[in-house]
file coords.pdb (PDB, C-alpha atoms)
ATOM      1  CA  MET A   1     -44.924  48.777 -86.477
ATOM      2  CA  ILE A   2     -42.936  50.418 -83.708
ATOM      3  CA  GLY A   3     -39.963  48.582 -82.326
ATOM      4  CA  GLY A   4     -39.476  46.233 -85.232
ATOM      5  CA  PRO A   5     -40.762  42.731 -85.744
ATOM      6  CA  MET A   6     -40.990  40.402 -82.753
ATOM      7  CA  THR A   7     -39.023  37.181 -83.019
ATOM      8  CA  THR A   8     -40.237  33.982 -81.418
ATOM      9  CA  SER A   9     -38.285  30.811 -80.885
ATOM     10  CA  SER A  10     -39.693  27.499 -81.927
ATOM     11  CA  PRO A  11     -39.998  24.598 -79.422
ATOM     12  CA  ALA A  12     -37.188  22.848 -81.219
ATOM     13  CA  GLN A  13     -34.864  25.716 -80.403
ATOM     14  CA  GLU A  14     -35.638  25.705 -76.624
ATOM     15  CA  GLN A  15     -32.877  24.122 -74.565
ATOM     16  CA  PRO A  16     -33.991  21.805 -71.701
ATOM     17  CA  ARG A  17     -33.106  23.048 -68.256
ATOM     18  CA  PRO A  18     -30.640  20.807 -66.447
ATOM     19  CA  ARG A  19     -32.279  19.108 -63.465
ATOM     20  CA  GLY A  20     -30.700  19.589 -60.074
ATOM     21  CA  LEU A  21     -29.053  16.794 -58.143
ATOM     22  CA  THR A  22     -31.957  16.597 -55.701
ATOM     23  CA  ARG A  23     -34.492  16.078 -58.477
ATOM     24  CA  ARG A  24     -32.360  13.441 -60.161
ATOM     25  CA  VAL A  25     -31.976  11.527 -56.893
ATOM     26  CA  ALA A  26     -35.712  11.812 -56.173
ATOM     27  CA  ALA A  27     -36.556  10.570 -59.677
ATOM     28  CA  TRP A  28     -34.230   7.605 -59.237
ATOM     29  CA  LEU A  29     -35.594   6.764 -55.786
ATOM     30  CA  PHE A  30     -39.253   6.992 -56.782
ATOM     31  CA  PRO A  31     -39.574   3.410 -58.116
ATOM     32  CA  HIS A  32     -37.207   1.944 -55.490
ATOM     33  CA  ARG A  33     -39.473   1.703 -52.452
ATOM     34  CA  ARG A  34     -37.191  -0.546 -50.415
ATOM     35  CA  ILE A  35     -34.279   1.845 -50.726
ATOM     36  CA  GLN A  36     -36.537   4.699 -49.594
ATOM     37  CA  LEU A  37     -37.592   2.700 -46.532
ATOM     38  CA  GLY A  38     -33.978   1.804 -45.754
ATOM     39  CA  MET A  39     -32.857   5.416 -45.935
ATOM     40  CA  LEU A  40     -35.786   6.488 -43.764
ATOM     41  CA  LEU A  41     -34.950   3.941 -41.057
ATOM     42  CA  ALA A  42     -31.168   4.256 -41.299
ATOM     43  CA  THR A  43     -30.850   7.022 -38.715
ATOM     44  CA  PRO A  44     -33.036   5.557 -35.919
ATOM     45  CA  LEU A  45     -31.750   2.031 -36.495
ATOM     46  CA  GLY A  46     -28.169   3.258 -36.568
ATOM     47  CA  TRP A  47     -28.722   5.133 -33.316
ATOM     48  CA  LEU A  48     -30.277   2.026 -31.780
ATOM     49  CA  ALA A  49     -27.399  -0.166 -32.916
ATOM     50  CA  ILE A  50     -24.701   2.204 -31.667
ATOM     51  CA  VAL A  51     -26.199   3.453 -28.401
ATOM     52  CA  TYR A  52     -28.338   0.561 -27.180
ATOM     53  CA  LEU A  53     -26.830  -2.563 -28.700
ATOM     54  CA  GLY A  54     -23.300  -1.146 -28.424
ATOM     55  CA  SER A  55     -23.659  -0.357 -24.741
ATOM     56  CA  LEU A  56     -25.297  -3.737 -24.133
ATOM     57  CA  PHE A  57     -22.393  -5.458 -25.885
ATOM     58  CA  LEU A  58     -19.851  -3.599 -23.749
ATOM     59  CA  LEU A  59     -21.818  -4.476 -20.618
ATOM     60  CA  LEU A  60     -21.835  -8.168 -21.420
ATOM     61  CA  LEU A  61     -18.203  -8.012 -22.489
ATOM     62  CA  SER A  62     -17.274  -6.626 -19.095
ATOM     63  CA  ALA A  63     -18.533  -9.851 -17.518
ATOM     64  CA  PHE A  64     -15.293 -11.454 -18.719
ATOM     65  CA  TRP A  65     -12.994  -8.770 -17.295
ATOM     66  CA  ALA A  66     -10.821  -9.391 -14.282
ATOM     67  CA  GLN A  67     -11.148  -7.563 -10.990
ATOM     68  CA  ASP A  68      -8.380  -6.959  -8.514
ATOM     69  CA  THR A  69      -9.278  -8.763  -5.317
ATOM     70  CA  PHE A  70      -7.399  -6.243  -3.162
ATOM     71  CA  THR A  71      -8.342  -2.859  -4.641
ATOM     72  CA  GLY A  72     -11.583  -3.917  -6.344
ATOM     73  CA  SER A  73     -10.638  -2.106  -9.555
ATOM     74  CA  VAL A  74     -11.676  -3.641 -12.859
ATOM     75  CA  THR A  75      -9.052  -4.258 -15.531
ATOM     76  CA  PRO A  76     -10.620  -3.968 -19.005
ATOM     77  CA  PHE A  77      -9.668  -6.624 -21.548
ATOM     78  CA  ASP A  78      -7.934  -8.683 -18.876
ATOM     79  CA  TRP A  79     -10.022 -11.805 -19.396
ATOM     80  CA  SER A  80     -11.292 -13.867 -16.494
ATOM     81  CA  LEU A  81     -14.208 -16.187 -15.643
ATOM     82  CA  ALA A  82     -14.118 -15.381 -11.930
ATOM     83  CA  ALA A  83     -17.528 -13.670 -12.021
ATOM     84  CA  PHE A  84     -19.217 -16.721 -13.553
ATOM     85  CA  GLN A  85     -17.425 -19.022 -11.141
ATOM     86  CA  LYS A  86     -18.775 -16.982  -8.233
ATOM     87  CA  LEU A  87     -22.305 -17.147  -9.613
ATOM     88  CA  PHE A  88     -22.216 -20.923  -9.966
ATOM     89  CA  THR A  89     -20.516 -21.674  -6.657
ATOM     90  CA  GLU A  90     -22.396 -19.393  -4.245
ATOM     91  CA  ASP A  91     -25.936 -20.502  -3.413
ATOM     92  CA  VAL A  92     -27.248 -17.002  -2.776
ATOM     93  CA  TYR A  93     -27.323 -16.163  -6.479
ATOM     94  CA  ARG A  94     -29.183 -19.359  -7.292
ATOM     95  CA  THR A  95     -31.693 -18.598  -4.539
ATOM     96  CA  VAL A  96     -32.271 -15.070  -5.824
ATOM     97  CA  ALA A  97     -32.738 -16.325  -9.390
ATOM     98  CA  ILE A  98     -35.275 -18.983  -8.338
ATOM     99  CA  ARG A  99     -37.150 -16.460  -6.184
ATOM    100  CA  THR A 100     -37.353 -13.988  -9.062
ATOM    101  CA  LEU A 101     -38.589 -16.608 -11.531
ATOM    102  CA  VAL A 102     -41.214 -17.911  -9.115
ATOM    103  CA  VAL A 103     -42.533 -14.430  -8.326
ATOM    104  CA  ALA A 104     -42.587 -13.527 -12.046
ATOM    105  CA  ALA A 105     -44.544 -16.685 -12.832
ATOM    106  CA  VAL A 106     -46.981 -16.122  -9.946
ATOM    107  CA  VAL A 107     -47.521 -12.476 -10.937
ATOM    108  CA  THR A 108     -48.197 -13.545 -14.530
ATOM    109  CA  LEU A 109     -50.668 -16.217 -13.417
ATOM    110  CA  THR A 110     -52.404 -13.794 -11.032
ATOM    111  CA  ASP A 111     -52.780 -11.138 -13.706
ATOM    112  CA  ALA A 112     -54.085 -13.700 -16.184
ATOM    113  CA  LEU A 113     -56.771 -14.877 -13.746
ATOM    114  CA  LEU A 114     -57.787 -11.303 -12.936
ATOM    115  CA  ALA A 115     -57.585  -9.962 -16.482
ATOM    116  CA  PHE A 116     -59.533 -12.683 -18.293
ATOM    117  CA  PRO A 117     -63.006 -11.980 -16.844
ATOM    118  CA  ILE A 118     -62.425  -8.212 -17.097
ATOM    119  CA  ALA A 119     -61.300  -8.440 -20.728
ATOM    120  CA  TYR A 120     -64.090 -10.869 -21.627
ATOM    121  CA  TYR A 121     -66.733  -8.577 -20.170
ATOM    122  CA  MET A 122     -65.259  -5.615 -22.031
ATOM    123  CA  ALA A 123     -65.071  -7.448 -25.364
ATOM    124  CA  ARG A 124     -68.198  -9.620 -25.401
ATOM    125  CA  VAL A 125     -70.741  -8.365 -22.860
ATOM    126  CA  ALA A 126     -70.442  -4.639 -22.124
ATOM    127  CA  SER A 127     -72.278  -2.021 -24.148
ATOM    128  CA  PRO A 128     -70.177   0.402 -26.214
ATOM    129  CA  ARG A 129     -70.501   3.127 -23.587
ATOM    130  CA  VAL A 130     -69.518   0.825 -20.719
ATOM    131  CA  ARG A 131     -66.717  -0.647 -22.814
ATOM    132  CA  ASN A 132     -65.234   2.784 -23.476
ATOM    133  CA  ALA A 133     -65.468   3.651 -19.789
ATOM    134  CA  MET A 134     -63.702   0.417 -18.821
ATOM    135  CA  VAL A 135     -60.944   0.975 -21.367
ATOM    136  CA  ILE A 136     -60.364   4.433 -19.893
ATOM    137  CA  ALA A 137     -60.374   2.952 -16.376
ATOM    138  CA  VAL A 138     -57.691   0.459 -17.425
ATOM    139  CA  LEU A 139     -55.536   3.105 -19.118
ATOM    140  CA  VAL A 140     -55.750   5.816 -16.457
ATOM    141  CA  PRO A 141     -53.410   4.013 -13.964
ATOM    142  CA  LEU A 142     -50.753   3.919 -16.674
ATOM    143  CA  TRP A 143     -50.676   7.726 -16.672
ATOM    144  CA  ALA A 144     -49.605   7.838 -13.027
ATOM    145  CA  ALA A 145     -45.907   7.751 -12.250
ATOM    146  CA  TYR A 146     -44.470   4.358 -11.392
ATOM    147  CA  LEU A 147     -42.850   5.541  -8.149
ATOM    148  CA  VAL A 148     -46.028   7.282  -7.025
ATOM    149  CA  LYS A 149     -47.966   4.017  -7.233
ATOM    150  CA  VAL A 150     -45.248   2.036  -5.477
ATOM    151  CA  TYR A 151     -44.963   4.559  -2.651
ATOM    152  CA  ALA A 152     -48.751   4.569  -2.306
ATOM    153  CA  TRP A 153     -48.668   0.806  -1.789
ATOM    154  CA  ARG A 154     -45.774   1.218   0.625
ATOM    155  CA  THR A 155     -47.919   3.567   2.700
ATOM    156  CA  ILE A 156     -50.763   1.037   2.659
ATOM    157  CA  LEU A 157     -48.626  -1.957   3.612
ATOM    158  CA  GLN A 158     -46.307  -0.486   6.222
ATOM    159  CA  GLY A 159     -46.850  -1.240   9.915
ATOM    160  CA  ILE A 160     -48.823   1.917  10.671
ATOM    161  CA  GLY A 161     -50.390   2.224   7.254
ATOM    162  CA  LEU A 162     -53.886   2.196   5.838
ATOM    163  CA  LEU A 163     -54.192  -1.585   5.905
ATOM    164  CA  GLU A 164     -53.681  -1.750   9.654
ATOM    165  CA  PHE A 165     -56.035   1.219  10.179
ATOM    166  CA  VAL A 166     -58.841  -0.580   8.316
ATOM    167  CA  THR A 167     -58.390  -4.040   9.874
ATOM    168  CA  GLU A 168     -57.670  -3.026  13.481
ATOM    169  CA  PRO A 169     -61.318  -2.196  14.440
ATOM    170  CA  PHE A 170     -62.285  -5.750  13.456
ATOM    171  CA  GLY A 171     -59.593  -7.264  15.662
ATOM    172  CA  LEU A 172     -57.617  -8.557  12.705
ATOM    173  CA  GLY A 173     -54.524  -6.483  13.371
ATOM    174  CA  GLN A 174     -51.848  -6.367  10.704
ATOM    175  CA  PRO A 175     -52.496  -9.148   8.137
ATOM    176  CA  TRP A 176     -48.748  -9.513   7.587
ATOM    177  CA  GLN A 177     -45.600  -8.087   9.061
ATOM    178  CA  GLY A 178     -45.338  -4.668   7.441
ATOM    179  CA  LEU A 179     -42.702  -4.344   4.749
ATOM    180  CA  LYS A 180     -40.880  -7.606   5.457
ATOM    181  CA  GLU A 181     -43.049 -10.026   3.510
ATOM    182  CA  ILE A 182     -42.223 -11.150  -0.032
ATOM    183  CA  ALA A 183     -45.991 -11.320  -0.630
ATOM    184  CA  ASN A 184     -45.895  -7.512  -0.790
ATOM    185  CA  SER A 185     -43.820  -7.713  -3.970
ATOM    186  CA  TRP A 186     -46.283 -10.162  -5.505
ATOM    187  CA  LEU A 187     -49.256  -7.941  -4.618
ATOM    188  CA  VAL A 188     -47.775  -4.666  -5.832
ATOM    189  CA  LEU A 189     -46.274  -6.113  -9.023
ATOM    190  CA  SER A 190     -49.572  -7.803  -9.867
ATOM    191  CA  TYR A 191     -51.302  -4.435  -9.519
ATOM    192  CA  LEU A 192     -48.688  -2.570 -11.557
ATOM    193  CA  TRP A 193     -48.685  -4.893 -14.570
ATOM    194  CA  LEU A 194     -52.385  -5.838 -14.664
ATOM    195  CA  PRO A 195     -53.268  -3.331 -17.445
ATOM    196  CA  TYR A 196     -50.566  -4.858 -19.649
ATOM    197  CA  MET A 197     -52.418  -8.177 -19.431
ATOM    198  CA  ILE A 198     -55.930  -6.776 -19.843
ATOM    199  CA  LEU A 199     -55.316  -4.848 -23.058
ATOM    200  CA  PRO A 200     -53.870  -7.708 -25.197
ATOM    201  CA  LEU A 201     -56.559 -10.060 -23.891
ATOM    202  CA  TYR A 202     -59.264  -7.551 -24.696
ATOM    203  CA  ALA A 203     -57.944  -7.163 -28.243
ATOM    204  CA  GLY A 204     -57.707 -10.942 -28.696
ATOM    205  CA  LEU A 205     -61.196 -11.643 -27.367
ATOM    206  CA  GLU A 206     -62.682  -8.872 -29.477
ATOM    207  CA  ARG A 207     -61.328 -10.511 -32.644
ATOM    208  CA  ILE A 208     -63.146 -13.790 -31.995
ATOM    209  CA  PRO A 209     -66.106 -13.944 -34.435
ATOM    210  CA  GLY A 210     -69.471 -14.141 -32.722
ATOM    211  CA  SER A 211     -70.552 -16.728 -35.277
ATOM    212  CA  LEU A 212     -68.176 -19.269 -33.715
ATOM    213  CA  LEU A 213     -69.847 -18.885 -30.328
ATOM    214  CA  GLU A 214     -73.277 -19.195 -31.934
ATOM    215  CA  ALA A 215     -72.168 -22.309 -33.814
ATOM    216  CA  SER A 216     -70.932 -23.856 -30.578
ATOM    217  CA  ALA A 217     -74.274 -23.151 -28.930
ATOM    218  CA  ASP A 218     -76.172 -24.562 -31.914
ATOM    219  CA  LEU A 219     -74.142 -27.770 -31.684
ATOM    220  CA  GLY A 220     -75.122 -28.217 -28.042
ATOM    221  CA  GLY A 221     -72.016 -26.809 -26.433
ATOM    222  CA  ARG A 222     -72.551 -25.435 -22.965
ATOM    223  CA  ALA A 223     -70.871 -22.326 -21.628
ATOM    224  CA  GLY A 224     -67.995 -24.256 -20.082
ATOM    225  CA  THR A 225     -67.446 -26.322 -23.212
ATOM    226  CA  THR A 226     -67.513 -23.225 -25.425
ATOM    227  CA  PHE A 227     -65.019 -21.492 -23.193
ATOM    228  CA  ARG A 228     -62.685 -24.492 -23.037
ATOM    229  CA  ARG A 229     -62.804 -25.510 -26.700
ATOM    230  CA  VAL A 230     -63.445 -22.237 -28.542
ATOM    231  CA  ILE A 231     -62.683 -19.100 -26.515
ATOM    232  CA  LEU A 232     -59.587 -20.241 -24.649
ATOM    233  CA  PRO A 233     -57.699 -21.689 -27.678
ATOM    234  CA  LEU A 234     -58.450 -18.618 -29.799
ATOM    235  CA  SER A 235     -57.471 -16.162 -27.061
ATOM    236  CA  PHE A 236     -54.396 -18.095 -25.918
ATOM    237  CA  PRO A 237     -51.954 -16.175 -28.201
ATOM    238  CA  ALA A 238     -53.252 -12.909 -26.697
ATOM    239  CA  LEU A 239     -52.792 -14.372 -23.223
ATOM    240  CA  VAL A 240     -49.184 -15.259 -24.047
ATOM    241  CA  ALA A 241     -48.673 -11.765 -25.493
ATOM    242  CA  GLY A 242     -49.802 -10.220 -22.229
ATOM    243  CA  SER A 243     -47.596 -12.567 -20.261
ATOM    244  CA  ILE A 244     -44.555 -11.228 -22.132
ATOM    245  CA  PHE A 245     -45.097  -7.870 -20.444
ATOM    246  CA  THR A 246     -45.954  -9.136 -16.969
ATOM    247  CA  PHE A 247     -43.164 -11.724 -16.879
ATOM    248  CA  SER A 248     -40.404  -9.537 -18.331
ATOM    249  CA  LEU A 249     -41.310  -6.458 -16.281
ATOM    250  CA  THR A 250     -41.336  -8.487 -13.066
ATOM    251  CA  LEU A 251     -38.098 -10.208 -14.016
ATOM    252  CA  GLY A 252     -36.258  -6.905 -14.381
ATOM    253  CA  ASP A 253     -37.893  -4.891 -11.600
ATOM    254  CA  TYR A 254     -35.656  -3.902  -8.702
ATOM    255  CA  ILE A 255     -37.417  -0.831  -7.274
ATOM    256  CA  THR A 256     -40.635  -2.464  -6.049
ATOM    257  CA  PRO A 257     -38.959  -5.317  -4.129
ATOM    258  CA  ASP A 258     -36.627  -2.826  -2.508
ATOM    259  CA  LEU A 259     -39.430  -0.487  -1.371
ATOM    260  CA  VAL A 260     -42.197  -2.831  -0.230
ATOM    261  CA  SER A 261     -40.337  -5.941   0.970
ATOM    262  CA  ASP A 262     -36.984  -7.216   2.145
ATOM    263  CA  ALA A 263     -36.673  -9.695  -0.737
ATOM    264  CA  LYS A 264     -33.850  -9.394  -3.250
ATOM    265  CA  PHE A 265     -34.522 -10.016  -6.916
ATOM    266  CA  ILE A 266     -32.135 -10.367  -9.843
ATOM    267  CA  GLY A 267     -32.407  -6.660 -10.583
ATOM    268  CA  ASN A 268     -31.484  -5.760  -7.011
ATOM    269  CA  VAL A 269     -28.357  -7.891  -7.118
ATOM    270  CA  ILE A 270     -27.302  -6.385 -10.453
ATOM    271  CA  TYR A 271     -27.910  -2.832  -9.230
ATOM    272  CA  ASP A 272     -26.141  -3.368  -5.892
ATOM    273  CA  ASN A 273     -23.039  -4.898  -7.471
ATOM    274  CA  SER A 274     -22.795  -2.215 -10.153
ATOM    275  CA  SER A 275     -23.125   0.492  -7.473
ATOM    276  CA  LEU A 276     -20.358  -1.142  -5.452
ATOM    277  CA  GLY A 277     -18.055  -1.250  -8.471
ATOM    278  CA  ASN A 278     -18.256  -4.992  -9.074
ATOM    279  CA  LEU A 279     -19.128  -4.551 -12.728
ATOM    280  CA  PRO A 280     -18.029  -8.043 -13.931
ATOM    281  CA  LEU A 281     -20.363  -9.789 -11.472
ATOM    282  CA  ALA A 282     -23.249  -7.440 -12.310
ATOM    283  CA  ALA A 283     -22.702  -7.985 -16.035
ATOM    284  CA  ALA A 284     -22.433 -11.751 -15.642
ATOM    285  CA  TYR A 285     -25.661 -11.862 -13.646
ATOM    286  CA  SER A 286     -27.343  -9.697 -16.309
ATOM    287  CA  LEU A 287     -26.886 -12.522 -18.781
ATOM    288  CA  LEU A 288     -29.394 -14.656 -16.864
ATOM    289  CA  PRO A 289     -32.561 -12.550 -17.455
ATOM    290  CA  ILE A 290     -31.450 -11.880 -21.032
ATOM    291  CA  LEU A 291     -31.185 -15.600 -21.779
ATOM    292  CA  ILE A 292     -34.458 -16.308 -19.984
ATOM    293  CA  MET A 293     -36.320 -13.676 -22.006
ATOM    294  CA  ILE A 294     -34.793 -14.833 -25.289
ATOM    295  CA  GLY A 295     -36.107 -18.334 -24.610
ATOM    296  CA  TYR A 296     -39.463 -16.938 -23.487
ATOM    297  CA  LEU A 297     -39.832 -14.799 -26.614
ATOM    298  CA  LEU A 298     -38.940 -17.702 -28.895
ATOM    299  CA  ALA A 299     -41.576 -19.860 -27.207
ATOM    300  CA  ALA A 300     -44.124 -17.010 -27.410
ATOM    301  CA  ARG A 301     -43.375 -16.569 -31.106
ATOM    302  CA  ARG A 302     -44.119 -20.223 -31.778
ATOM    303  CA  MET A 303     -47.465 -19.773 -30.001
ATOM    304  CA  GLY A 304     -48.416 -16.867 -32.281
ATOM    305  CA  ALA A 305     -48.254 -14.262 -29.537
ATOM    306  CA  PHE A 306     -46.585 -11.593 -31.678
ATOM    307  CA  GLU A 307     -49.663 -11.377 -33.905
ATOM    308  CA  SER A 308     -51.689 -10.332 -30.847
ATOM    309  CA  LEU A 309     -49.417  -7.462 -29.802
TER     310      LEU A 309
END
call {"tool": "encode", "arguments": {"input": "coords.pdb", "output": "structure tokens"}}
result
Amino acid sequence: MIGGPMTTSSPAQEQPRPRGLTRRVAAWLFPHRRIQLGMLLATPLGWLAIVYLGSLFLLLLSAFWAQDTFTGSVTPFDWSLAAFQKLFTEDVYRTVAIRTLVVAAVVTLTDALLAFPIAYYMARVASPRVRNAMVIAVLVPLWAAYLVKVYAWRTILQGIGLLEFVTEPFGLGQPWQGLKEIANSWLVLSYLWLPYMILPLYAGLERIPGSLLEASADLGGRAGTTFRRVILPLSFPALVAGSIFTFSLTLGDYITPDLVSDAKFIGNVIYDNSSLGNLPLAAAYSLLPILIMIGYLLAARRMGAFESL
């Protein structure tokens, strides 16, 4: 035999290859699912905590900084409650806060009244083809830019706009005085946030079993009774979920009131004071919508709204 006998090593003589560090870590992590999830979310949550929550903390901290009354310069870490004293003593800030809350509540109520029949028809009455078309019709306005929609309404509502062009031949003139009415803010904000009310309501109404409606009819319940005692209680968490969007978005909006009306909202006051360099007052006033929304979210959570989002 040429080359001599071939030698083979037995399995007992083979030495195991040392596993790399990556494999050892992966083998250790495999049964620890929670640690895997924590490592996966560490980067985005860390970024959120540093950038968003950190900047928000510094903003709210600046509410307690002093401001030189002569030069207007802010002195960091020179503590003062002058901004809060100004908010509580001057009536204009109370008036702006009440106006903003009232408009936010009216916009939410308006969207709820408009969205309920639309969402009910989509969920319980419309055929699949019509339902899909209506869902697309609700979503399409969300693809348009926010400023484009606001400026379109500004063109409609201004003194020589489309609204006056349509009503003038009938002798109606301008229904209201151009861009000076606070009702403009209510109208435009109701239009902007209506899809955010329709979609949660549609999802909530679609989850109601049809057997419950049939049982109500079998027990002699009329349409009004079924709506009041079956549909409305079961869809109420979805209604509250939609109101979170409409109420919070109206509460923080400052562009729409500035473009379509002369009314000042909380957001306008915060933006104006921050632009003028009065950061402590702007930060102190920012605490108000934050506290309002914390209370609103806690109440919505108790109503089961988060399950409908």
call {"tool": "closest_residue", "arguments": {"input": "coords.pdb", "among": "A:Trp79, A:Phe247, A:Tyr120, A:Trp186", "to": "Gln67 in chain A", "atoms": "all atoms listed in the file"}}
result
A:Trp79
call {"tool": "resolve_selection", "arguments": {"input": "coords.pdb", "expression": "the PyMOL selection byres ((chain A and resi 199) around 9)", "output": "VMD selection string"}}
result
chain A and resid 115 119 135 138 to 139 194 to 198 200 to 204 242
call {"tool": "atom_distance", "arguments": {"input": "coords.pdb", "atom1": "CA of Leu147 in chain A", "atom2": "CA of Ile244 in chain A"}}
result
21.9 Å
call {"tool": "resolve_selection", "arguments": {"input": "coords.pdb", "expression": "the PyMOL selection byres ((chain A and resi 45-61) around 12)", "output": "ChimeraX atom specification"}}
result
/A:37-44,62-66,76-81,83-84,270,274,279-288,290-291
call {"tool": "resolve_selection", "arguments": {"input": "coords.pdb", "expression": "the PyMOL selection byres ((chain A and resi 104) around 6)", "output": "number ranges by chain"}}
result
A: 101-103, 105-107, 247, 250-251
call {"tool": "closest_residue", "arguments": {"input": "coords.pdb", "among": "A:Lys86, A:Arg94, A:Arg99, A:His32", "to": "Lys264 in chain A", "atoms": "all atoms listed in the file"}}
result
A:Arg99
call {"tool": "residues_near_point", "arguments": {"input": "coords.pdb", "point": "(-51.2, -13.3, -25.4)", "cutoff": "7 Å", "atoms": "only C-alpha atoms", "output": "MDAnalysis selection string"}}
result
chainID A and resid 200:201 236:243 305 308
call {"tool": "atom_distance", "arguments": {"input": "coords.pdb", "atom1": "CA of Pro289 in chain A", "atom2": "CA of Asp91 in chain A"}}
result
17.4 Å
call {"tool": "closest_residue", "arguments": {"input": "coords.pdb", "among": "A:Ser261, A:Ala152, A:Phe116, A:Ile292", "to": "Glu181 in chain A", "atoms": "all atoms listed in the file"}}
result
A:Ser261
call {"tool": "atom_distance", "arguments": {"input": "coords.pdb", "atom1": "CA of Phe245 in chain A", "atom2": "CA of Met293 in chain A"}}
result
10.6 Å
call {"tool": "closest_residue", "arguments": {"input": "coords.pdb", "among": "A:Ser185, A:Thr108, A:Ser216, A:Asn132", "to": "Arg229 in chain A", "atoms": "only C-alpha atoms"}}
result
A:Ser216
call {"tool": "residues_around", "arguments": {"input": "coords.pdb", "residues": "Leu213 in chain A", "least_positions_apart": "6", "cutoff": "10 Å", "atoms": "all atoms listed in the file", "output": "CSV table (one decimal) with C-alpha atoms, in the coordinates of the input"}}
result
chain,number,residue,atom,x,y,z
A,219,LEU,CA,-74.1,-27.8,-31.7
A,221,GLY,CA,-72.0,-26.8,-26.4
A,223,ALA,CA,-70.9,-22.3,-21.6
A,226,THR,CA,-67.5,-23.2,-25.4
A,227,PHE,CA,-65.0,-21.5,-23.2
A,230,VAL,CA,-63.4,-22.2,-28.5
A,231,ILE,CA,-62.7,-19.1,-26.5
call {"tool": "closest_residue", "arguments": {"input": "coords.pdb", "among": "A:Val25, A:Ala137, A:Val188, A:Ala123", "to": "Asp111 in chain A", "atoms": "all atoms listed in the file"}}
result
A:Val188
call {"tool": "closest_residue", "arguments": {"input": "coords.pdb", "among": "A:Ile118, A:Leu187, A:Ile98, A:Leu192", "to": "Trp143 in chain A", "atoms": "all atoms listed in the file"}}
result
A:Leu192
call {"tool": "decode", "arguments": {"input": "coords.pdb", "residues": "range 230-243 of chain A", "atoms": "N, CA and C atoms", "output": "CSV table (one decimal), in the first residue's frame"}}
result
chain,number,residue,atom,x,y,z
A,230,VAL,N,-77.3,48.9,25.3
A,230,VAL,CA,-76.4,47.9,24.8
A,230,VAL,C,-75.2,48.6,24.0
A,231,ILE,N,-75.5,49.3,23.0
A,231,ILE,CA,-74.5,49.8,22.1
A,231,ILE,C,-73.7,50.9,22.8
A,232,LEU,N,-74.3,51.9,23.4
A,232,LEU,CA,-73.6,53.0,24.0
A,232,LEU,C,-72.7,52.6,25.1
A,233,PRO,N,-73.2,51.7,26.1
A,233,PRO,CA,-72.2,51.3,27.1
A,233,PRO,C,-71.0,50.5,26.6
A,234,LEU,N,-71.2,49.7,25.6
A,234,LEU,CA,-70.1,48.9,25.1
A,234,LEU,C,-69.2,49.7,24.3
A,235,SER,N,-69.6,50.7,23.6
A,235,SER,CA,-68.8,51.5,22.8
A,235,SER,C,-68.2,52.8,23.5
A,236,PHE,N,-68.6,53.0,24.8
A,236,PHE,CA,-68.2,54.1,25.5
A,236,PHE,C,-66.7,54.2,25.7
A,237,PRO,N,-66.0,53.0,26.0
A,237,PRO,CA,-64.5,53.1,26.1
A,237,PRO,C,-63.9,53.6,24.8
A,238,ALA,N,-64.4,53.1,23.7
A,238,ALA,CA,-63.8,53.6,22.4
A,238,ALA,C,-64.1,55.1,22.2
A,239,LEU,N,-65.2,55.5,22.7
A,239,LEU,CA,-65.5,57.0,22.6
A,239,LEU,C,-64.6,57.8,23.4
A,240,VAL,N,-64.3,57.3,24.6
A,240,VAL,CA,-63.3,58.0,25.5
A,240,VAL,C,-61.9,57.9,24.8
A,241,ALA,N,-61.6,56.8,24.2
A,241,ALA,CA,-60.3,56.7,23.5
A,241,ALA,C,-60.1,57.7,22.4
A,242,GLY,N,-61.2,57.9,21.6
A,242,GLY,CA,-61.1,58.9,20.6
A,242,GLY,C,-61.0,60.3,21.2
A,243,SER,N,-61.7,60.5,22.3
A,243,SER,CA,-61.7,61.9,22.9
A,243,SER,C,-60.3,62.2,23.4
